[in-house]
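Data from protein-v5.txt: compact mmCIF, C-alpha atoms
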```
# COMPACT_ATOMS: atom_id res chain seq x y z
CA MET E 1 70.47 25.48 35.07
CA ASP E 2 72.41 28.19 33.22
CA ILE E 3 72.65 28.21 29.44
CA GLU E 4 76.33 27.16 29.28
CA SER E 5 75.83 23.89 31.15
CA ALA E 6 72.62 23.24 29.24
CA LYS E 7 74.52 23.68 25.97
CA LEU E 8 77.26 21.28 27.08
CA LEU E 9 74.75 18.68 28.27
CA GLY E 10 72.72 19.02 25.08
CA ALA E 11 75.80 18.58 22.91
CA GLY E 12 76.84 15.51 24.87
CA ILE E 13 73.43 13.90 24.54
CA ALA E 14 73.20 14.78 20.84
CA VAL E 15 76.39 12.86 20.06
CA LEU E 16 74.76 9.65 21.40
CA GLY E 17 73.11 9.50 17.99
CA VAL E 18 76.28 8.13 16.46
CA ILE E 19 75.60 4.82 18.24
CA GLY E 20 73.06 4.07 15.50
CA SER E 21 75.66 4.81 12.86
CA GLY E 22 78.12 2.44 14.52
CA ILE E 23 75.57 -0.36 14.45
CA GLY E 24 74.63 0.50 10.86
CA ILE E 25 78.17 0.50 9.49
CA GLY E 26 78.93 -2.76 11.28
CA SER E 27 75.78 -4.24 9.79
CA ILE E 28 76.63 -3.11 6.25
CA PHE E 29 80.14 -4.47 6.30
CA ALA E 30 78.98 -7.70 7.97
CA ALA E 31 76.63 -8.16 5.00
CA PHE E 32 79.46 -7.32 2.58
CA ILE E 33 81.91 -9.77 4.16
CA SER E 34 79.23 -12.45 4.28
CA ALA E 35 78.36 -11.89 0.61
CA VAL E 36 82.00 -12.01 -0.49
CA GLY E 37 82.56 -15.06 1.68
CA ARG E 38 79.77 -16.92 -0.05
CA ASN E 39 80.67 -15.75 -3.54
CA PRO E 40 84.16 -14.24 -3.96
CA GLU E 41 83.41 -13.49 -7.63
CA ALA E 42 80.84 -10.87 -6.61
CA ARG E 43 83.37 -8.68 -4.84
CA GLU E 44 83.59 -5.71 -7.24
CA HIS E 45 79.87 -5.86 -7.91
CA VAL E 46 78.89 -5.63 -4.25
CA PHE E 47 81.70 -3.23 -3.28
CA THR E 48 80.13 -0.24 -5.03
CA MET E 49 76.84 -0.65 -3.16
CA THR E 50 78.73 -1.22 0.09
CA MET E 51 80.54 2.09 -0.31
CA LEU E 52 77.26 3.85 -1.12
CA GLY E 53 75.59 2.31 1.96
CA PHE E 54 78.56 3.26 4.13
CA ALA E 55 78.46 6.88 3.03
CA LEU E 56 74.71 7.11 3.62
CA VAL E 57 74.98 5.69 7.17
CA GLU E 58 78.02 7.87 7.90
CA ALA E 59 75.92 10.88 6.92
CA LEU E 60 73.53 10.18 9.81
CA ALA E 61 76.41 10.14 12.28
CA LEU E 62 77.52 13.48 10.90
CA PHE E 63 73.98 14.90 11.19
CA ALA E 64 74.17 14.13 14.94
CA LEU E 65 77.62 15.74 15.09
CA ILE E 66 76.34 18.85 13.29
CA ILE E 67 73.47 19.20 15.80
CA ALA E 68 75.98 18.92 18.66
CA LEU E 69 78.26 21.57 17.09
CA LEU E 70 75.22 23.76 16.38
CA LEU E 71 74.23 23.59 20.05
CA LEU E 72 77.72 24.37 21.23
CA PHE E 73 78.77 27.16 18.93
CA VAL E 74 75.69 28.81 17.47
CA PHE E 75 73.28 29.08 20.40
CA MET Y 1 98.12 28.74 18.10
CA ALA Y 2 95.26 29.24 15.65
CA SER Y 3 91.89 27.62 16.26
CA PRO Y 4 91.16 24.44 14.26
CA LEU Y 5 88.14 26.21 12.79
CA SER Y 6 90.02 29.19 11.37
CA GLN Y 7 90.74 27.23 8.17
CA PHE Y 8 87.12 27.72 7.11
CA GLU Y 9 87.29 31.51 7.28
CA VAL Y 10 86.34 33.24 4.04
CA LYS Y 11 88.81 36.03 3.35
CA THR Y 12 88.35 38.55 0.57
CA ILE Y 13 91.22 38.85 -1.87
CA ILE Y 14 89.85 41.50 -4.22
CA PRO Y 15 87.04 43.61 -2.75
CA ILE Y 16 84.31 44.26 -5.34
CA GLU Y 17 81.05 45.99 -4.57
CA ALA Y 18 78.09 46.34 -6.94
CA PHE Y 19 74.74 48.04 -6.17
CA GLY Y 20 75.33 47.73 -2.44
CA TYR Y 21 76.09 43.98 -2.61
CA ASP Y 22 79.44 42.60 -1.61
CA ILE Y 23 80.58 40.36 -4.45
CA SER Y 24 84.29 40.39 -3.68
CA PHE Y 25 86.64 37.75 -4.96
CA THR Y 26 87.26 35.56 -1.91
CA ASN Y 27 89.57 32.64 -1.20
CA SER Y 28 86.52 30.41 -1.68
CA ALA Y 29 86.03 31.82 -5.19
CA LEU Y 30 89.75 31.36 -5.87
CA ALA Y 31 89.57 27.70 -4.81
CA MET Y 32 86.53 27.14 -7.05
CA MET Y 33 88.34 28.79 -9.95
CA MET Y 34 91.40 26.61 -9.40
CA THR Y 35 89.11 23.57 -9.37
CA LEU Y 36 87.65 24.70 -12.69
CA VAL Y 37 91.09 25.29 -14.22
CA LEU Y 38 92.33 21.89 -13.04
CA VAL Y 39 89.31 20.06 -14.42
CA ILE Y 40 89.55 21.81 -17.80
CA LEU Y 41 93.32 21.25 -17.94
CA PHE Y 42 92.90 17.55 -17.10
CA MET Y 43 90.36 17.07 -19.86
CA TYR Y 44 92.31 19.13 -22.41
CA ILE Y 45 95.67 17.46 -21.81
CA CYS Y 46 94.21 13.98 -21.77
CA SER Y 47 92.30 14.49 -25.01
CA ARG Y 48 95.19 15.67 -27.17
CA ASP Y 49 96.33 13.24 -29.91
CA LEU Y 50 93.41 10.87 -29.54
CA SER Y 51 94.09 7.50 -31.12
CA VAL Y 52 92.40 4.11 -31.26
CA ILE Y 53 95.15 2.61 -29.10
CA PRO Y 54 94.95 5.02 -26.18
CA SER Y 55 97.90 6.64 -24.50
CA ARG Y 56 98.04 6.55 -20.71
CA SER Y 57 96.28 9.85 -20.17
CA GLN Y 58 93.61 9.02 -22.73
CA THR Y 59 92.95 5.81 -20.78
CA VAL Y 60 92.44 7.81 -17.60
CA LEU Y 61 89.96 10.11 -19.30
CA GLU Y 62 88.15 7.19 -20.91
CA SER Y 63 87.98 5.34 -17.57
CA THR Y 64 86.42 8.39 -15.94
CA TYR Y 65 83.92 8.61 -18.79
CA GLU Y 66 83.13 4.90 -18.50
CA PHE Y 67 82.74 5.18 -14.75
CA ILE Y 68 80.14 7.94 -14.97
CA ALA Y 69 78.43 6.43 -18.02
CA GLY Y 70 78.19 3.10 -16.18
CA MET Y 71 76.77 4.82 -13.14
CA ILE Y 72 74.11 6.58 -15.22
CA GLY Y 73 73.34 3.44 -17.22
CA ASP Y 74 72.89 1.36 -14.06
CA ASN Y 75 70.75 3.87 -12.24
CA ILE Y 76 68.73 5.70 -14.89
CA GLY Y 77 69.03 3.63 -18.03
CA GLN Y 78 69.99 4.69 -21.54
CA GLU Y 79 67.57 7.64 -21.61
CA GLY Y 80 69.55 9.10 -18.74
CA MET Y 81 72.53 9.72 -21.00
CA LYS Y 82 71.20 13.19 -21.78
CA TYR Y 83 72.08 14.08 -18.18
CA PHE Y 84 75.60 12.75 -18.66
CA SER Y 85 77.41 16.07 -18.99
CA PHE Y 86 75.68 17.39 -15.89
CA ILE Y 87 76.56 14.38 -13.74
CA PHE Y 88 80.11 14.31 -15.15
CA THR Y 89 80.64 18.00 -14.35
CA LEU Y 90 79.09 17.61 -10.90
CA PHE Y 91 81.24 14.60 -10.03
CA LEU Y 92 84.54 16.06 -11.26
CA PHE Y 93 83.89 19.51 -9.77
CA ILE Y 94 83.09 18.15 -6.30
CA LEU Y 95 85.90 15.56 -6.49
CA ILE Y 96 88.63 18.04 -7.43
CA GLY Y 97 87.17 20.56 -4.94
CA ASN Y 98 87.42 18.00 -2.16
CA LEU Y 99 90.92 16.93 -3.19
CA LEU Y 100 92.21 20.52 -3.44
CA GLY Y 101 91.37 20.94 0.23
CA MET Y 102 93.84 18.19 1.12
CA PHE Y 103 96.82 20.38 0.27
CA PRO Y 104 98.30 22.29 3.23
CA TYR Y 105 97.19 25.91 3.55
CA SER Y 106 94.52 25.28 0.93
CA PHE Y 107 90.81 26.03 1.13
CA THR Y 108 88.05 23.41 0.86
CA TRP Y 109 85.15 25.19 -0.77
CA THR Y 110 82.91 22.09 -0.30
CA SER Y 111 83.13 22.53 3.46
CA HIS Y 112 80.71 25.45 3.45
CA ILE Y 113 77.05 24.58 3.95
CA ILE Y 114 75.84 27.49 1.85
CA VAL Y 115 77.80 26.25 -1.18
CA THR Y 116 76.72 22.60 -0.91
CA PHE Y 117 73.18 23.67 -0.09
CA ALA Y 118 73.05 25.87 -3.18
CA ILE Y 119 74.15 22.94 -5.35
CA ALA Y 120 71.76 20.48 -3.68
CA PHE Y 121 68.86 22.96 -3.74
CA PHE Y 122 69.14 23.54 -7.47
CA ILE Y 123 69.49 19.81 -8.11
CA PHE Y 124 66.28 19.32 -6.08
CA ILE Y 125 64.43 22.07 -7.96
CA GLY Y 126 65.69 20.74 -11.30
CA VAL Y 127 64.69 17.15 -10.54
CA THR Y 128 61.23 18.20 -9.32
CA MET Y 129 60.74 20.28 -12.45
CA ILE Y 130 61.81 17.35 -14.64
CA ALA Y 131 59.27 15.13 -12.86
CA ILE Y 132 56.43 17.65 -13.14
CA TYR Y 133 57.24 18.44 -16.77
CA LYS Y 134 57.37 14.76 -17.72
CA HIS Y 135 54.40 13.38 -15.79
CA GLY Y 136 52.17 16.34 -14.99
CA LEU Y 137 51.37 17.73 -11.57
CA LEU Y 138 48.69 15.16 -10.66
CA LYS Y 139 50.79 12.08 -11.37
CA PHE Y 140 53.69 13.72 -9.56
CA MET Y 141 51.50 14.04 -6.46
CA GLY Y 142 50.67 10.35 -6.90
CA PHE Y 143 54.37 9.68 -6.33
CA PHE Y 144 53.79 10.27 -2.63
CA ALA Y 145 51.07 7.62 -2.35
CA PRO Y 146 52.65 4.32 -3.41
CA SER Y 147 50.37 1.72 -4.98
CA GLY Y 148 49.10 -1.23 -2.95
CA VAL Y 149 48.83 0.65 0.32
CA PRO Y 150 45.57 0.23 2.36
CA LYS Y 151 43.60 3.49 2.65
CA PRO Y 152 43.94 4.10 6.45
CA MET Y 153 47.73 3.86 6.22
CA LEU Y 154 47.80 6.54 3.51
CA ILE Y 155 46.92 9.26 6.03
CA LEU Y 156 50.07 8.39 7.93
CA LEU Y 157 52.24 7.52 4.93
CA VAL Y 158 51.73 10.52 2.63
CA PRO Y 159 53.04 13.20 5.06
CA ILE Y 160 56.01 10.97 5.86
CA GLU Y 161 56.73 10.54 2.14
CA ILE Y 162 56.43 14.28 1.52
CA ILE Y 163 58.74 15.15 4.42
CA SER Y 164 61.22 12.53 3.30
CA TYR Y 165 61.16 13.98 -0.24
CA LEU Y 166 61.65 17.53 1.03
CA SER Y 167 64.55 16.42 3.20
CA ARG Y 168 66.53 15.24 0.15
CA PRO Y 169 68.38 18.50 -0.56
CA ILE Y 170 69.12 18.92 3.15
CA SER Y 171 70.57 15.45 3.54
CA LEU Y 172 72.48 15.70 0.25
CA SER Y 173 74.11 18.99 1.20
CA VAL Y 174 74.71 18.27 4.89
CA ARG Y 175 76.33 14.91 4.07
CA LEU Y 176 79.03 16.55 1.93
CA PHE Y 177 79.44 19.60 4.16
CA ALA Y 178 79.66 17.65 7.44
CA ASN Y 179 82.11 15.09 6.04
CA MET Y 180 84.44 17.78 4.75
CA MET Y 181 84.18 20.05 7.79
CA ALA Y 182 84.49 17.30 10.38
CA GLY Y 183 87.38 15.66 8.54
CA HIS Y 184 89.40 18.82 8.18
CA THR Y 185 88.67 19.97 11.73
CA LEU Y 186 89.84 16.59 13.04
CA LEU Y 187 93.04 16.87 11.01
CA LYS Y 188 93.78 20.32 12.44
CA VAL Y 189 92.99 19.22 16.02
CA ILE Y 190 95.33 16.20 15.79
CA GLY Y 191 97.90 18.47 14.14
CA GLY Y 192 97.65 20.74 17.15
CA PHE Y 193 98.34 17.75 19.40
CA VAL Y 194 101.45 16.88 17.37
CA PHE Y 195 102.79 20.37 17.89
CA VAL Y 196 101.95 20.66 21.59
CA LEU Y 197 103.17 17.17 22.52
CA GLY Y 198 106.30 17.48 20.39
CA ALA Y 199 107.19 20.86 21.81
CA ASN Y 200 106.94 19.64 25.40
CA THR Y 201 108.70 16.26 25.10
CA PHE Y 202 111.56 17.00 22.68
CA ILE Y 203 109.70 15.68 19.60
CA ILE Y 204 109.37 12.05 20.87
CA GLY Y 205 105.81 12.59 22.12
CA GLY Y 206 104.73 14.05 18.80
CA ILE Y 207 105.44 10.90 16.78
CA LEU Y 208 102.30 8.96 17.75
CA PRO Y 209 99.85 11.73 16.84
CA LEU Y 210 101.85 12.25 13.65
CA ALA Y 211 101.36 8.62 12.65
CA PHE Y 212 97.68 8.99 13.41
CA LEU Y 213 97.63 12.16 11.32
CA VAL Y 214 99.18 10.34 8.34
CA ALA Y 215 96.52 7.61 8.57
CA LEU Y 216 93.76 10.20 8.90
CA THR Y 217 95.01 12.13 5.86
CA GLY Y 218 94.82 8.91 3.85
CA LEU Y 219 91.29 8.37 5.15
CA GLU Y 220 90.37 11.94 4.22
CA ILE Y 221 91.51 11.39 0.63
CA VAL Y 222 89.34 8.24 0.45
CA ILE Y 223 86.43 10.20 1.92
CA ALA Y 224 86.96 12.94 -0.70
CA PHE Y 225 86.48 10.39 -3.50
CA LEU Y 226 83.62 8.65 -1.69
CA GLN Y 227 81.63 11.81 -0.99
CA ALA Y 228 81.92 13.00 -4.58
CA TYR Y 229 80.78 9.56 -5.78
CA VAL Y 230 77.86 9.45 -3.32
CA PHE Y 231 76.72 12.96 -4.32
CA ALA Y 232 76.76 12.00 -7.99
CA ILE Y 233 75.05 8.64 -7.53
CA LEU Y 234 72.33 10.10 -5.32
CA THR Y 235 71.67 12.74 -7.97
CA CYS Y 236 71.35 9.89 -10.51
CA LEU Y 237 68.90 8.10 -8.20
CA TYR Y 238 66.82 11.25 -7.78
CA ILE Y 239 66.73 11.76 -11.56
CA ASN Y 240 65.70 8.11 -11.90
CA ASP Y 241 62.88 8.69 -9.40
CA ALA Y 242 61.78 11.72 -11.41
CA ILE Y 243 61.84 10.01 -14.80
CA HIS Y 244 60.34 6.69 -13.77
CA LEU Y 245 57.96 7.65 -10.95
CA HIS Y 246 58.68 4.76 -8.59
```
For this file, produce the structure as structure tokens.
Amino acid sequence: MDIESAKLLGAGIAVLGVIGSGIGIGSIFAAFISAVGRNPEAREHVFTMTMLGFALVEALALFALIIALLLLFVF
Amino acid sequence: MASPLSQFEVKTIIPIEAFGYDISFTNSALAMMMTLVLVILFMYICSRDLSVIPSRSQTVLESTYEFIAGMIGDNIGQEGMKYFSFIFTLFLFILIGNLLGMFPYSFTWTSHIIVTFAIAFFIFIGVTMIAIYKHGLLKFMGFFAPSGVPKPMLILLVPIEIISYLSRPISLSVRLFANMMAGHTLLKVIGGFVFVLGANTFIIGGILPLAFLVALTGLEIVIAFLQAYVFAILTCLYINDAIHLH
């Protein structure tokens, strides 16, 4: 297998890592909606942590994207 | 048509060379300087004619202060207030840096890994030094072996803890860099679609990508705020870890 096709395959497989991020973000916001549904007063309180959790999970998706871009354009 | 990645090119504006090193004034340095000027201008204009009943701009400045002070108070406690000016500077610098990149033809200096890594690296070194200075080297090493863990698990747990600690600057820097780079690249790619579709279908085909582009630009502005906030709050959490070991 030549290096070009290997790079393309590698980049494609690397992006599969964002599946975890999709599940994670869905999980975080499910918890947020559930918490606000049970106790609407807690909305501002919980919102800050929700945004923090979202950014942390999003970072993992972007790590996978960076590996894919690294494979495609640097090697 | 230019490549979507050409927006990240560093171009020199004033070439300066000293002792064989290239320290020219680049567009990245210009963007950082504009960030600095904007932050200082914001604080200066808002803090003129301070009064007990605040004017509108004084309220904005006080809200920003309260926001950061609340963040430090929640995450470090009152003794963390000595790090207030650092966290405040960090938050505003990264926030205005991110937001400056949203203007057309502008340069996002936070989208370069070397810049974010430099910031995150020195935060990491600083936090480790604070921890070692406050608790001594031995107790700092004890940070990696949490209490109440059975002895056989320690052999597995300590290397994992050490690796996870060492990966903090990497994750901190890559989070900001990847968000900014991916966001701006996506904007330019969709912008390219608007142009190509619009040019080939008498503008009608370009309307849908344009609507998408407007929504994405809004999302990018939210991400700019969010990433600055996450950087600042993670720094607070790392300082909290250093001051109160676990």
Q) Which polymer residues have any atom within 10 Å of an atom of Tyr238 in chain Y, counting only C-alpha atoms, with same-chain residues fewer than 5 positions away left out, as a count of residues only? A) 13
Enumerate as an mmCIF file with C-alpha atoms, keeping the file's coordinate frame the residues belonging to chain E that approach chain Y to within 9 Å, with only C-alpha atoms taken into account.
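Saved the output as out.cif:
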```
data_model
loop_
_atom_site.group_PDB
_atom_site.id
_atom_site.type_symbol
_atom_site.label_atom_id
_atom_site.label_comp_id
_atom_site.auth_asym_id
_atom_site.auth_seq_id
_atom_site.Cartn_x
_atom_site.Cartn_y
_atom_site.Cartn_z
ATOM 1 C CA MET E 51 80.540 2.090 -0.310
ATOM 2 C CA LEU E 52 77.260 3.850 -1.120
ATOM 3 C CA ALA E 55 78.460 6.880 3.030
ATOM 4 C CA LEU E 56 74.710 7.110 3.620
ATOM 5 C CA GLU E 58 78.020 7.870 7.900
ATOM 6 C CA ALA E 59 75.920 10.880 6.920
ATOM 7 C CA LEU E 60 73.530 10.180 9.810
ATOM 8 C CA LEU E 62 77.520 13.480 10.900
ATOM 9 C CA PHE E 63 73.980 14.900 11.190
ATOM 10 C CA LEU E 65 77.620 15.740 15.090
ATOM 11 C CA ILE E 66 76.340 18.850 13.290
#
```
Q: Please write as a VMD selection string the list of polymer residues whose atoms come within 12 Å of (78.3, 25.9, 24.4), counting all atoms listed in the file and keeping to the coordinates of the file.
A: chain E and resid 2 to 12 67 to 75
Q: Give me, please, the distance in Å between CA of Ser28 in chain Y and CA of Cys46 in chain Y, quoted to one decimal.
A: 27.1 Å
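Minimum distance to Ser27 in chain E across E:Thr48, E:Met1, E:Gly53, E:Ala64 (counting only C-alpha atoms) occurs at E:Gly53.
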Would you mind putting N, CA and C atoms back on range 19-46 of chain E and writing the result as a PDB file, in the coordinates of the input?
```
ATOM      1  N   ILE E  19      75.673   6.248  17.931  1.00  0.00           N
ATOM      2  CA  ILE E  19      75.600   4.820  18.240  1.00  0.00           C
ATOM      3  C   ILE E  19      74.910   4.089  17.087  1.00  0.00           C
ATOM      4  N   GLY E  20      73.803   4.687  16.604  1.00  0.00           N
ATOM      5  CA  GLY E  20      73.060   4.070  15.500  1.00  0.00           C
ATOM      6  C   GLY E  20      73.938   3.888  14.291  1.00  0.00           C
ATOM      7  N   SER E  21      74.790   4.899  14.012  1.00  0.00           N
ATOM      8  CA  SER E  21      75.660   4.810  12.860  1.00  0.00           C
ATOM      9  C   SER E  21      76.683   3.691  13.036  1.00  0.00           C
ATOM     10  N   GLY E  22      77.163   3.512  14.279  1.00  0.00           N
ATOM     11  CA  GLY E  22      78.120   2.440  14.520  1.00  0.00           C
ATOM     12  C   GLY E  22      77.506   1.086  14.220  1.00  0.00           C
ATOM     13  N   ILE E  23      76.268   0.898  14.708  1.00  0.00           N
ATOM     14  CA  ILE E  23      75.570  -0.360  14.450  1.00  0.00           C
ATOM     15  C   ILE E  23      75.342  -0.521  12.951  1.00  0.00           C
ATOM     16  N   GLY E  24      74.936   0.570  12.286  1.00  0.00           N
ATOM     17  CA  GLY E  24      74.630   0.500  10.860  1.00  0.00           C
ATOM     18  C   GLY E  24      75.833   0.129  10.024  1.00  0.00           C
ATOM     19  N   ILE E  25      76.986   0.780  10.310  1.00  0.00           N
ATOM     20  CA  ILE E  25      78.170   0.500   9.490  1.00  0.00           C
ATOM     21  C   ILE E  25      78.626  -0.924   9.718  1.00  0.00           C
ATOM     22  N   GLY E  26      78.560  -1.377  11.005  1.00  0.00           N
ATOM     23  CA  GLY E  26      78.930  -2.760  11.280  1.00  0.00           C
ATOM     24  C   GLY E  26      78.031  -3.716  10.522  1.00  0.00           C
ATOM     25  N   SER E  27      76.734  -3.385  10.482  1.00  0.00           N
ATOM     26  CA  SER E  27      75.780  -4.240   9.790  1.00  0.00           C
ATOM     27  C   SER E  27      76.070  -4.305   8.299  1.00  0.00           C
ATOM     28  N   ILE E  28      76.377  -3.132   7.691  1.00  0.00           N
ATOM     29  CA  ILE E  28      76.630  -3.110   6.250  1.00  0.00           C
ATOM     30  C   ILE E  28      77.861  -3.935   5.909  1.00  0.00           C
ATOM     31  N   PHE E  29      78.930  -3.743   6.660  1.00  0.00           N
ATOM     32  CA  PHE E  29      80.140  -4.470   6.300  1.00  0.00           C
ATOM     33  C   PHE E  29      80.039  -5.942   6.656  1.00  0.00           C
ATOM     34  N   ALA E  30      79.212  -6.286   7.692  1.00  0.00           N
ATOM     35  CA  ALA E  30      78.980  -7.700   7.970  1.00  0.00           C
ATOM     36  C   ALA E  30      78.300  -8.350   6.763  1.00  0.00           C
ATOM     37  N   ALA E  31      77.305  -7.634   6.186  1.00  0.00           N
ATOM     38  CA  ALA E  31      76.630  -8.160   5.000  1.00  0.00           C
ATOM     39  C   ALA E  31      77.602  -8.287   3.840  1.00  0.00           C
ATOM     40  N   PHE E  32      78.499  -7.293   3.678  1.00  0.00           N
ATOM     41  CA  PHE E  32      79.460  -7.320   2.580  1.00  0.00           C
ATOM     42  C   PHE E  32      80.411  -8.510   2.720  1.00  0.00           C
ATOM     43  N   ILE E  33      80.952  -8.678   3.966  1.00  0.00           N
ATOM     44  CA  ILE E  33      81.910  -9.770   4.160  1.00  0.00           C
ATOM     45  C   ILE E  33      81.216 -11.109   3.954  1.00  0.00           C
ATOM     46  N   SER E  34      79.975 -11.204   4.452  1.00  0.00           N
ATOM     47  CA  SER E  34      79.230 -12.450   4.280  1.00  0.00           C
ATOM     48  C   SER E  34      78.983 -12.735   2.803  1.00  0.00           C
ATOM     49  N   ALA E  35      78.620 -11.687   2.047  1.00  0.00           N
ATOM     50  CA  ALA E  35      78.360 -11.890   0.610  1.00  0.00           C
ATOM     51  C   ALA E  35      79.618 -12.309  -0.117  1.00  0.00           C
ATOM     52  N   VAL E  36      80.752 -11.658   0.189  1.00  0.00           N
ATOM     53  CA  VAL E  36      82.000 -12.010  -0.490  1.00  0.00           C
ATOM     54  C   VAL E  36      82.461 -13.381  -0.057  1.00  0.00           C
ATOM     55  N   GLY E  37      82.168 -13.742   1.205  1.00  0.00           N
ATOM     56  CA  GLY E  37      82.560 -15.060   1.680  1.00  0.00           C
ATOM     57  C   GLY E  37      81.814 -16.161   0.942  1.00  0.00           C
ATOM     58  N   ARG E  38      80.531 -15.894   0.660  1.00  0.00           N
ATOM     59  CA  ARG E  38      79.770 -16.920  -0.050  1.00  0.00           C
ATOM     60  C   ARG E  38      80.130 -16.976  -1.520  1.00  0.00           C
ATOM     61  N   ASN E  39      80.489 -15.819  -2.095  1.00  0.00           N
ATOM     62  CA  ASN E  39      80.670 -15.750  -3.540  1.00  0.00           C
ATOM     63  C   ASN E  39      81.788 -14.766  -3.867  1.00  0.00           C
ATOM     64  N   PRO E  40      83.052 -15.188  -3.778  1.00  0.00           N
ATOM     65  CA  PRO E  40      84.160 -14.240  -3.960  1.00  0.00           C
ATOM     66  C   PRO E  40      84.138 -13.540  -5.304  1.00  0.00           C
ATOM     67  N   GLU E  41      83.466 -14.114  -6.314  1.00  0.00           N
ATOM     68  CA  GLU E  41      83.410 -13.490  -7.630  1.00  0.00           C
ATOM     69  C   GLU E  41      82.645 -12.174  -7.580  1.00  0.00           C
ATOM     70  N   ALA E  42      81.722 -12.033  -6.613  1.00  0.00           N
ATOM     71  CA  ALA E  42      80.840 -10.870  -6.610  1.00  0.00           C
ATOM     72  C   ALA E  42      81.464  -9.650  -5.971  1.00  0.00           C
ATOM     73  N   ARG E  43      82.779  -9.725  -5.668  1.00  0.00           N
ATOM     74  CA  ARG E  43      83.370  -8.680  -4.840  1.00  0.00           C
ATOM     75  C   ARG E  43      83.238  -7.273  -5.412  1.00  0.00           C
ATOM     76  N   GLU E  44      83.636  -7.076  -6.688  1.00  0.00           N
ATOM     77  CA  GLU E  44      83.590  -5.710  -7.240  1.00  0.00           C
ATOM     78  C   GLU E  44      82.146  -5.243  -7.355  1.00  0.00           C
ATOM     79  N   HIS E  45      81.280  -6.187  -7.710  1.00  0.00           N
ATOM     80  CA  HIS E  45      79.870  -5.860  -7.910  1.00  0.00           C
ATOM     81  C   HIS E  45      79.245  -5.314  -6.638  1.00  0.00           C
ATOM     82  N   VAL E  46      79.534  -6.010  -5.512  1.00  0.00           N
ATOM     83  CA  VAL E  46      78.890  -5.630  -4.250  1.00  0.00           C
ATOM     84  C   VAL E  46      79.608  -4.446  -3.608  1.00  0.00           C
TER      85      VAL E  46
END
```
